[in-house]
file structure02.cif (mmCIF, C-alpha atoms)
data_coords
loop_
_atom_site.group_PDB
_atom_site.id
_atom_site.type_symbol
_atom_site.label_atom_id
_atom_site.label_comp_id
_atom_site.auth_asym_id
_atom_site.auth_seq_id
_atom_site.Cartn_x
_atom_site.Cartn_y
_atom_site.Cartn_z
ATOM 1 C CA MET A 1 7.614 -68.965 14.011
ATOM 2 C CA ALA A 2 8.622 -65.896 12.077
ATOM 3 C CA ASP A 3 12.272 -65.376 11.218
ATOM 4 C CA VAL A 4 13.841 -62.634 13.309
ATOM 5 C CA ASN A 5 15.910 -61.386 10.352
ATOM 6 C CA ASP A 6 12.916 -61.243 8.005
ATOM 7 C CA PRO A 7 12.071 -57.539 7.416
ATOM 8 C CA LEU A 8 8.417 -58.377 6.684
ATOM 9 C CA ALA A 9 7.914 -60.290 9.902
ATOM 10 C CA PRO A 10 5.992 -58.469 12.636
ATOM 11 C CA LYS A 11 8.329 -56.945 15.183
ATOM 12 C CA GLN A 12 8.134 -57.939 18.790
ATOM 13 C CA GLU A 13 6.939 -55.264 21.152
ATOM 14 C CA GLU A 14 9.613 -53.627 23.177
ATOM 15 C CA GLU A 15 8.907 -52.662 26.755
ATOM 16 C CA VAL A 16 9.280 -48.970 27.225
ATOM 17 C CA ASP A 17 9.585 -47.409 30.638
ATOM 18 C CA VAL A 18 8.066 -43.956 30.311
ATOM 19 C CA ASN A 19 8.398 -41.535 33.199
ATOM 20 C CA PHE A 20 6.987 -38.000 33.158
ATOM 21 C CA GLU A 21 8.305 -35.489 35.656
ATOM 22 C CA PRO A 22 6.024 -32.584 36.652
ATOM 23 C CA VAL A 23 6.952 -29.252 35.141
ATOM 24 C CA ILE A 24 6.042 -27.342 38.319
ATOM 25 C CA ARG A 25 6.165 -28.801 41.810
ATOM 26 C CA LEU A 26 3.387 -27.693 44.163
ATOM 27 C CA THR A 27 4.987 -27.414 47.577
ATOM 28 C CA GLU A 28 2.595 -25.052 49.310
ATOM 29 C CA GLN A 29 -0.865 -26.076 50.522
ATOM 30 C CA VAL A 30 -3.582 -23.570 49.703
ATOM 31 C CA GLU A 31 -6.121 -23.126 52.480
ATOM 32 C CA THR A 32 -9.667 -22.667 51.231
ATOM 33 C CA LYS A 33 -12.258 -20.925 53.358
ATOM 34 C CA THR A 34 -15.857 -22.083 53.281
ATOM 35 C CA HIS A 35 -17.030 -19.384 55.738
ATOM 36 C CA GLU A 36 -18.396 -22.227 57.863
ATOM 37 C CA GLU A 37 -15.402 -22.310 60.213
ATOM 38 C CA ASP A 38 -17.134 -20.189 62.880
ATOM 39 C CA GLU A 39 -20.296 -22.293 62.905
ATOM 40 C CA ASN A 40 -21.481 -25.469 64.604
ATOM 41 C CA ILE A 41 -23.587 -28.080 62.822
ATOM 42 C CA VAL A 42 -26.984 -28.264 64.526
ATOM 43 C CA PHE A 43 -28.621 -30.583 61.985
ATOM 44 C CA LYS A 44 -27.301 -32.583 59.022
ATOM 45 C CA MET A 45 -29.219 -34.907 56.731
ATOM 46 C CA ARG A 46 -29.014 -36.007 53.123
ATOM 47 C CA ALA A 47 -31.719 -34.562 50.878
ATOM 48 C CA LYS A 48 -32.595 -33.332 47.393
ATOM 49 C CA LEU A 49 -33.333 -29.639 46.859
ATOM 50 C CA PHE A 50 -35.611 -28.139 44.196
ATOM 51 C CA ARG A 51 -36.506 -24.564 43.250
ATOM 52 C CA PHE A 52 -39.672 -23.400 41.531
ATOM 53 C CA ASP A 53 -38.991 -21.724 38.187
ATOM 54 C CA THR A 54 -41.759 -19.155 37.651
ATOM 55 C CA GLY A 55 -40.890 -18.705 33.965
ATOM 56 C CA SER A 56 -41.632 -22.303 33.036
ATOM 57 C CA SER A 57 -43.938 -22.999 36.038
ATOM 58 C CA GLU A 58 -42.100 -26.166 37.022
ATOM 59 C CA TRP A 59 -39.808 -27.498 39.731
ATOM 60 C CA LYS A 60 -36.120 -27.688 38.804
ATOM 61 C CA GLU A 61 -33.580 -29.735 40.709
ATOM 62 C CA ARG A 62 -30.941 -27.661 42.438
ATOM 63 C CA GLY A 63 -28.844 -30.463 43.846
ATOM 64 C CA THR A 64 -28.464 -33.483 46.104
ATOM 65 C CA GLY A 65 -26.322 -33.414 49.225
ATOM 66 C CA ASP A 66 -26.305 -32.806 52.964
ATOM 67 C CA ALA A 67 -28.761 -30.174 54.152
ATOM 68 C CA ARG A 68 -27.183 -28.576 57.217
ATOM 69 C CA LEU A 69 -28.389 -26.092 59.795
ATOM 70 C CA LEU A 70 -25.345 -24.137 60.992
ATOM 71 C CA GLN A 71 -25.336 -22.000 64.136
ATOM 72 C CA HIS A 72 -22.813 -19.153 64.357
ATOM 73 C CA ARG A 73 -20.777 -19.333 67.560
ATOM 74 C CA GLU A 74 -20.981 -15.612 68.346
ATOM 75 C CA THR A 75 -24.279 -14.345 66.926
ATOM 76 C CA LYS A 76 -26.143 -17.654 67.522
ATOM 77 C CA LYS A 77 -27.990 -17.120 64.211
ATOM 78 C CA ILE A 78 -28.839 -20.295 62.302
ATOM 79 C CA ARG A 79 -28.741 -20.641 58.538
ATOM 80 C CA LEU A 80 -29.476 -23.451 56.108
ATOM 81 C CA VAL A 81 -26.540 -24.427 53.897
ATOM 82 C CA MET A 82 -26.626 -27.197 51.342
ATOM 83 C CA ARG A 83 -23.810 -28.205 48.994
ATOM 84 C CA ARG A 84 -24.009 -30.528 45.996
ATOM 85 C CA ASP A 85 -22.346 -33.885 46.506
ATOM 86 C CA LYS A 86 -19.304 -34.118 44.258
ATOM 87 C CA THR A 87 -18.720 -30.504 43.281
ATOM 88 C CA LEU A 88 -19.509 -29.034 46.734
ATOM 89 C CA LYS A 89 -21.151 -26.083 44.979
ATOM 90 C CA VAL A 90 -23.587 -24.243 47.257
ATOM 91 C CA CYS A 91 -27.203 -24.834 46.227
ATOM 92 C CA ALA A 92 -28.873 -23.258 49.295
ATOM 93 C CA ASN A 93 -27.582 -20.607 51.684
ATOM 94 C CA HIS A 94 -29.984 -18.473 53.702
ATOM 95 C CA VAL A 95 -30.779 -17.458 57.258
ATOM 96 C CA ILE A 96 -33.897 -19.062 58.676
ATOM 97 C CA THR A 97 -36.375 -16.326 59.579
ATOM 98 C CA SER A 98 -39.587 -16.440 61.577
ATOM 99 C CA ASP A 99 -41.700 -15.405 58.572
ATOM 100 C CA MET A 100 -40.797 -18.585 56.628
ATOM 101 C CA ARG A 101 -43.611 -21.147 56.577
ATOM 102 C CA LEU A 102 -42.750 -24.793 56.063
ATOM 103 C CA GLN A 103 -45.645 -26.354 54.188
ATOM 104 C CA PRO A 104 -46.015 -30.004 53.224
ATOM 105 C CA ASN A 105 -45.521 -30.672 49.540
ATOM 106 C CA ILE A 106 -48.756 -31.872 47.948
ATOM 107 C CA GLY A 107 -48.872 -35.644 47.700
ATOM 108 C CA SER A 108 -45.718 -36.337 49.738
ATOM 109 C CA ASP A 109 -45.114 -36.814 53.454
ATOM 110 C CA ARG A 110 -41.344 -36.623 53.033
ATOM 111 C CA SER A 111 -40.915 -33.161 51.509
ATOM 112 C CA TRP A 112 -41.419 -29.519 52.528
ATOM 113 C CA VAL A 113 -41.870 -26.256 50.619
ATOM 114 C CA TRP A 114 -40.993 -22.720 51.796
ATOM 115 C CA LYS A 115 -40.255 -19.252 50.416
ATOM 116 C CA VAL A 116 -36.957 -17.434 50.862
ATOM 117 C CA VAL A 117 -36.608 -13.673 50.472
ATOM 118 C CA ALA A 118 -32.846 -13.803 49.802
ATOM 119 C CA ASP A 119 -30.998 -17.029 49.017
ATOM 120 C CA TYR A 120 -27.259 -16.456 48.648
ATOM 121 C CA ALA A 121 -26.471 -19.641 46.678
ATOM 122 C CA GLU A 122 -26.288 -17.549 43.508
ATOM 123 C CA SER A 123 -24.921 -14.072 43.054
ATOM 124 C CA PRO A 124 -26.814 -11.731 43.389
ATOM 125 C CA PRO A 125 -29.157 -13.097 46.100
ATOM 126 C CA THR A 126 -32.529 -14.126 44.751
ATOM 127 C CA SER A 127 -36.024 -14.661 46.115
ATOM 128 C CA GLU A 128 -36.868 -18.358 45.736
ATOM 129 C CA THR A 129 -39.532 -20.937 46.438
ATOM 130 C CA LEU A 130 -37.650 -24.036 47.576
ATOM 131 C CA ALA A 131 -38.673 -27.642 48.151
ATOM 132 C CA ILE A 132 -36.629 -30.255 49.956
ATOM 133 C CA ARG A 133 -37.224 -34.019 49.797
ATOM 134 C CA PHE A 134 -35.860 -36.586 52.238
ATOM 135 C CA ALA A 135 -35.490 -40.358 52.065
ATOM 136 C CA ASN A 136 -38.445 -40.985 54.393
ATOM 137 C CA SER A 137 -41.126 -39.205 56.413
ATOM 138 C CA ASP A 138 -39.236 -39.554 59.724
ATOM 139 C CA ASN A 139 -36.297 -37.586 58.302
ATOM 140 C CA ALA A 140 -38.723 -34.960 56.991
ATOM 141 C CA LYS A 141 -40.350 -34.622 60.429
ATOM 142 C CA GLU A 142 -36.936 -34.262 62.077
ATOM 143 C CA PHE A 143 -36.019 -31.512 59.596
ATOM 144 C CA LYS A 144 -39.275 -29.679 60.306
ATOM 145 C CA LYS A 145 -38.703 -29.873 64.052
ATOM 146 C CA MET A 146 -35.169 -28.475 63.761
ATOM 147 C CA PHE A 147 -36.227 -25.831 61.208
ATOM 148 C CA GLU A 148 -38.933 -24.552 63.572
ATOM 149 C CA ARG A 149 -36.497 -24.529 66.496
ATOM 150 C CA ALA A 150 -34.085 -22.500 64.377
ATOM 151 C CA GLN A 151 -36.886 -20.018 63.657
ATOM 152 C CA ILE A 152 -37.508 -19.614 67.401
ATOM 153 C CA MET A 153 -33.786 -19.228 68.081
ATOM 154 C CA ASN A 154 -33.275 -16.645 65.316
ATOM 155 C CA GLY A 155 -36.345 -14.761 66.527
ATOM 156 C CA GLY A 156 -34.767 -14.282 69.964
ATOM 157 C CA GLY A 157 -36.188 -17.407 71.628
ATOM 158 C CA THR A 158 -34.368 -19.870 73.831
ATOM 159 C CA PRO A 159 -31.277 -21.597 72.449
ATOM 160 C CA LEU A 160 -31.634 -25.009 70.830
ATOM 161 C CA GLU A 161 -29.874 -26.748 73.710
ATOM 162 C CA ASP A 162 -32.398 -25.287 76.164
ATOM 163 C CA ASN A 163 -35.297 -26.411 73.965
ATOM 164 C CA ASP A 164 -34.122 -30.022 74.289
ATOM 165 C CA LYS A 165 -34.262 -29.741 78.076
ATOM 166 C CA VAL A 166 -37.690 -28.055 77.939
ATOM 167 C CA ASN A 167 -39.002 -30.861 75.727
ATOM 168 C CA GLU A 168 -37.583 -33.491 78.105
ATOM 169 C CA ASP A 169 -39.228 -31.745 81.074
ATOM 170 C CA GLU A 170 -42.550 -31.491 79.210
ATOM 171 C CA LYS A 171 -42.344 -35.186 78.293
ATOM 172 C CA ALA A 172 -41.581 -36.199 81.904
ATOM 173 C CA GLU A 173 -44.496 -34.074 83.130
ATOM 174 C CA ALA A 174 -46.837 -35.613 80.541
ATOM 175 C CA ASP A 175 -45.673 -39.130 81.518
ATOM 176 C CA GLU A 176 -46.363 -38.412 85.207
ATOM 177 C CA LYS A 177 -49.803 -37.065 84.362
ATOM 178 C CA ALA A 178 -50.602 -40.131 82.216
ATOM 179 C CA GLU A 179 -49.492 -42.480 85.009
ATOM 180 C CA ALA A 180 -51.654 -40.588 87.542
ATOM 181 C CA GLU A 181 -54.670 -40.783 85.224
ATOM 182 C CA LYS A 182 -54.066 -44.512 84.669
ATOM 183 C CA ALA A 183 -53.822 -45.163 88.411
ATOM 184 C CA GLU A 184 -57.008 -43.171 89.001
ATOM 185 C CA ALA A 185 -58.833 -45.117 86.257
ATOM 186 C CA GLU A 186 -57.688 -48.426 87.789
ATOM 187 C CA GLN A 187 -58.885 -47.309 91.211
ATOM 188 C CA VAL A 188 -62.311 -46.310 89.830
ATOM 189 C CA ALA A 189 -62.563 -49.649 87.992
ATOM 190 C CA SER A 190 -61.708 -51.625 91.142
ATOM 191 C CA GLU A 191 -64.268 -49.650 93.187
ATOM 192 C CA GLU A 192 -66.963 -50.314 90.565
ATOM 193 C CA LYS A 193 -66.072 -54.006 90.623
ATOM 194 C CA LYS A 194 -66.437 -54.103 94.448
ATOM 195 C CA GLU A 195 -69.849 -52.419 94.215
ATOM 196 C CA GLU A 196 -71.012 -55.028 91.702
ATOM 197 C CA GLU A 197 -70.082 -57.851 94.105
#
call {"tool": "encode", "arguments": {"input": "structure02.cif", "output": "C-alpha cells"}}
result
Amino acid sequence: MADVNDPLAPKQEEEVDVNFEPVIRLTEQVETKTHEEDENIVFKMRAKLFRFDTGSSEWKERGTGDARLLQHRETKKIRLVMRRDKTLKVCANHVITSDMRLQPNIGSDRSWVWKVVADYAESPPTSETLAIRFANSDNAKEFKKMFERAQIMNGGGTPLEDNDKVNEDEKAEADEKAEAEKAEAEQVASEEKKEEE
C-alpha cells in the first residue's frame, strides 16, 4: 500500500456532492395550440409519407407517423394531417377534395399516390404529388375507404356515420338476397333429383 504522507503517492478520490440549482424557475405552463382542438379523429393509422420532387424526378421521404383524417365539429370538413414521430412536425396538412384521385402505387398493394393543389405542411402552401405507404395491404384498403368517404362528405354527401349505417343495410340486403338465391338453388336441385328417381 502507498504511504498516505508520501507526496508522490496517488491521492484517493474524494466524494464530491455537486448540486446545481436552476437559474430561472419555470412556474407557468405554456399551452400550445395545434389547431386540432375543434376536430374529431375519423381515421388514424401509422404510415410513411413521400413527396415527388420534380427537380430530381425522385420520391423523397417526408416523414413517418400517424396519418389522421380529422373532421371539424362545426363545418364537418375533413382534412388529412400527418405529423412526424418524434418532432411532431407537420408533414401533410390538406383538405380532402373530390377532385383528388387515389391511385395505386406501381408495384405495391400497400401504398397510394394522389395530387394535392395546396398542402399546408410548408409555408407557403405548395402543390404536391404525395405517396403514402402502410404496413400491409389491409391498412392501405382501409385508408382508401376512409379517404373516399371523406371526399363524399366534403363534397356535400352524407356524413361518415350515416355511411356506416348505409353500408350495414346494403350488406344485410345482400346477405338476404344470397340466402334466397341459395334456398332457390337447393330447391331446384332437389326437384331435379326427384325427377331423376
call {"tool": "residues_around", "arguments": {"input": "structure02.cif", "residues": "stretch 149-158 of chain A", "least_positions_apart": "2", "cutoff": "6 Å", "atoms": "all atoms listed in the file", "output": "JSON, numbers by chain"}}
result
{"A": [77, 96, 97, 98, 146, 147]}
call {"tool": "resolve_selection", "arguments": {"input": "structure02.cif", "expression": "the PyMOL selection byres ((chain A and resi 136) around 10)", "output": "VMD selection string"}}
result
chain A and resid 47 108 to 111 133 to 135 137 to 141
call {"tool": "resolve_selection", "arguments": {"input": "structure02.cif", "expression": "the PyMOL selection byres ((chain A and resi 34) around 12)", "output": "list in words"}}
result
Glu31, Thr32, Lys33, His35, Glu36, Glu37, Asp38, Glu39, Val81, Arg83, Leu88, Lys89, Val90 and Asn93 of chain A
call {"tool": "resolve_selection", "arguments": {"input": "structure02.cif", "expression": "the PyMOL selection byres ((chain A and resi 131) around 7)", "output": "list in words"}}
result
Leu49, Phe50, Arg51, Ser111, Trp112, Val113, Trp114, Thr129, Leu130, Ile132 and Arg133 of chain A
call {"tool": "closest_residue", "arguments": {"input": "structure02.cif", "among": "A:Arg25, A:Ile106, A:Cys91, A:Gly65", "to": "A:Ser123", "atoms": "all atoms listed in the file"}}
result
A:Cys91
call {"tool": "residues_near_point", "arguments": {"input": "structure02.cif", "point": "(-27.1, -29.5, 65.9)", "cutoff": "9 Å", "atoms": "only C-alpha atoms", "output": "PyMOL selection string"}}
result
chain A and resi 40-44+68-71+146+160-161
call {"tool": "write_last_selection", "arguments": {"input": "structure02.cif", "atoms": "C-alpha atoms", "output": "PDB file, in the coordinates of the input"}}
result
ATOM      1  CA  ASN A  40     -21.481 -25.469  64.604  1.00  0.00           C
ATOM      2  CA  ILE A  41     -23.587 -28.080  62.822  1.00  0.00           C
ATOM      3  CA  VAL A  42     -26.984 -28.264  64.526  1.00  0.00           C
ATOM      4  CA  PHE A  43     -28.621 -30.583  61.985  1.00  0.00           C
ATOM      5  CA  LYS A  44     -27.301 -32.583  59.022  1.00  0.00           C
ATOM      6  CA  ARG A  68     -27.183 -28.576  57.217  1.00  0.00           C
ATOM      7  CA  LEU A  69     -28.389 -26.092  59.795  1.00  0.00           C
ATOM      8  CA  LEU A  70     -25.345 -24.137  60.992  1.00  0.00           C
ATOM      9  CA  GLN A  71     -25.336 -22.000  64.136  1.00  0.00           C
ATOM     10  CA  MET A 146     -35.169 -28.475  63.761  1.00  0.00           C
ATOM     11  CA  LEU A 160     -31.634 -25.009  70.830  1.00  0.00           C
ATOM     12  CA  GLU A 161     -29.874 -26.748  73.710  1.00  0.00           C
TER      13      GLU A 161
END
call {"tool": "atom_distance", "arguments": {"input": "structure02.cif", "atom1": "atom CA of A:Asp66", "atom2": "atom CA of A:Val30"}}
result
24.7 Å
call {"tool": "build_atoms", "arguments": {"input": "structure02.cif", "residues": "stretch 79-91 of chain A", "atoms": "N, CA, C and O atoms", "output": "PDB file, in the coordinates of the input"}}
result
ATOM      1  N   ARG A  79     -28.450 -20.710  59.972  1.00  0.00           N
ATOM      2  CA  ARG A  79     -28.741 -20.641  58.538  1.00  0.00           C
ATOM      3  C   ARG A  79     -28.756 -22.042  57.961  1.00  0.00           C
ATOM      4  O   ARG A  79     -28.173 -22.970  58.515  1.00  0.00           O
ATOM      5  N   LEU A  80     -29.433 -22.181  56.826  1.00  0.00           N
ATOM      6  CA  LEU A  80     -29.476 -23.451  56.108  1.00  0.00           C
ATOM      7  C   LEU A  80     -28.455 -23.379  54.982  1.00  0.00           C
ATOM      8  O   LEU A  80     -28.481 -22.440  54.184  1.00  0.00           O
ATOM      9  N   VAL A  81     -27.548 -24.343  54.949  1.00  0.00           N
ATOM     10  CA  VAL A  81     -26.540 -24.427  53.897  1.00  0.00           C
ATOM     11  C   VAL A  81     -26.596 -25.834  53.324  1.00  0.00           C
ATOM     12  O   VAL A  81     -26.616 -26.812  54.058  1.00  0.00           O
ATOM     13  N   MET A  82     -26.636 -25.896  52.003  1.00  0.00           N
ATOM     14  CA  MET A  82     -26.626 -27.197  51.342  1.00  0.00           C
ATOM     15  C   MET A  82     -25.658 -27.126  50.176  1.00  0.00           C
ATOM     16  O   MET A  82     -25.687 -26.178  49.392  1.00  0.00           O
ATOM     17  N   ARG A  83     -24.779 -28.125  50.086  1.00  0.00           N
ATOM     18  CA  ARG A  83     -23.810 -28.205  48.994  1.00  0.00           C
ATOM     19  C   ARG A  83     -24.074 -29.466  48.182  1.00  0.00           C
ATOM     20  O   ARG A  83     -24.445 -30.495  48.733  1.00  0.00           O
ATOM     21  N   ARG A  84     -23.860 -29.360  46.866  1.00  0.00           N
ATOM     22  CA  ARG A  84     -24.009 -30.528  45.996  1.00  0.00           C
ATOM     23  C   ARG A  84     -22.931 -31.543  46.324  1.00  0.00           C
ATOM     24  O   ARG A  84     -21.823 -31.173  46.718  1.00  0.00           O
ATOM     25  N   ASP A  85     -23.252 -32.811  46.107  1.00  0.00           N
ATOM     26  CA  ASP A  85     -22.346 -33.885  46.506  1.00  0.00           C
ATOM     27  C   ASP A  85     -20.930 -33.746  45.953  1.00  0.00           C
ATOM     28  O   ASP A  85     -20.050 -33.378  46.629  1.00  0.00           O
ATOM     29  N   LYS A  86     -20.672 -34.009  44.744  1.00  0.00           N
ATOM     30  CA  LYS A  86     -19.304 -34.118  44.258  1.00  0.00           C
ATOM     31  C   LYS A  86     -18.620 -32.774  44.055  1.00  0.00           C
ATOM     32  O   LYS A  86     -17.446 -32.623  44.359  1.00  0.00           O
ATOM     33  N   THR A  87     -19.337 -31.797  43.581  1.00  0.00           N
ATOM     34  CA  THR A  87     -18.720 -30.504  43.281  1.00  0.00           C
ATOM     35  C   THR A  87     -18.631 -29.590  44.490  1.00  0.00           C
ATOM     36  O   THR A  87     -17.866 -28.630  44.483  1.00  0.00           O
ATOM     37  N   LEU A  88     -19.416 -29.849  45.518  1.00  0.00           N
ATOM     38  CA  LEU A  88     -19.509 -29.034  46.734  1.00  0.00           C
ATOM     39  C   LEU A  88     -19.958 -27.605  46.447  1.00  0.00           C
ATOM     40  O   LEU A  88     -19.742 -26.705  47.245  1.00  0.00           O
ATOM     41  N   LYS A  89     -20.610 -27.402  45.311  1.00  0.00           N
ATOM     42  CA  LYS A  89     -21.151 -26.083  44.979  1.00  0.00           C
ATOM     43  C   LYS A  89     -22.374 -25.824  45.861  1.00  0.00           C
ATOM     44  O   LYS A  89     -23.204 -26.695  46.063  1.00  0.00           O
ATOM     45  N   VAL A  90     -22.476 -24.605  46.367  1.00  0.00           N
ATOM     46  CA  VAL A  90     -23.587 -24.243  47.257  1.00  0.00           C
ATOM     47  C   VAL A  90     -24.878 -24.172  46.451  1.00  0.00           C
ATOM     48  O   VAL A  90     -24.945 -23.506  45.425  1.00  0.00           O
ATOM     49  N   CYS A  91     -25.906 -24.893  46.908  1.00  0.00           N
ATOM     50  CA  CYS A  91     -27.203 -24.834  46.227  1.00  0.00           C
ATOM     51  C   CYS A  91     -28.281 -24.210  47.119  1.00  0.00           C
ATOM     52  O   CYS A  91     -29.364 -23.922  46.646  1.00  0.00           O
TER      53      CYS A  91
END
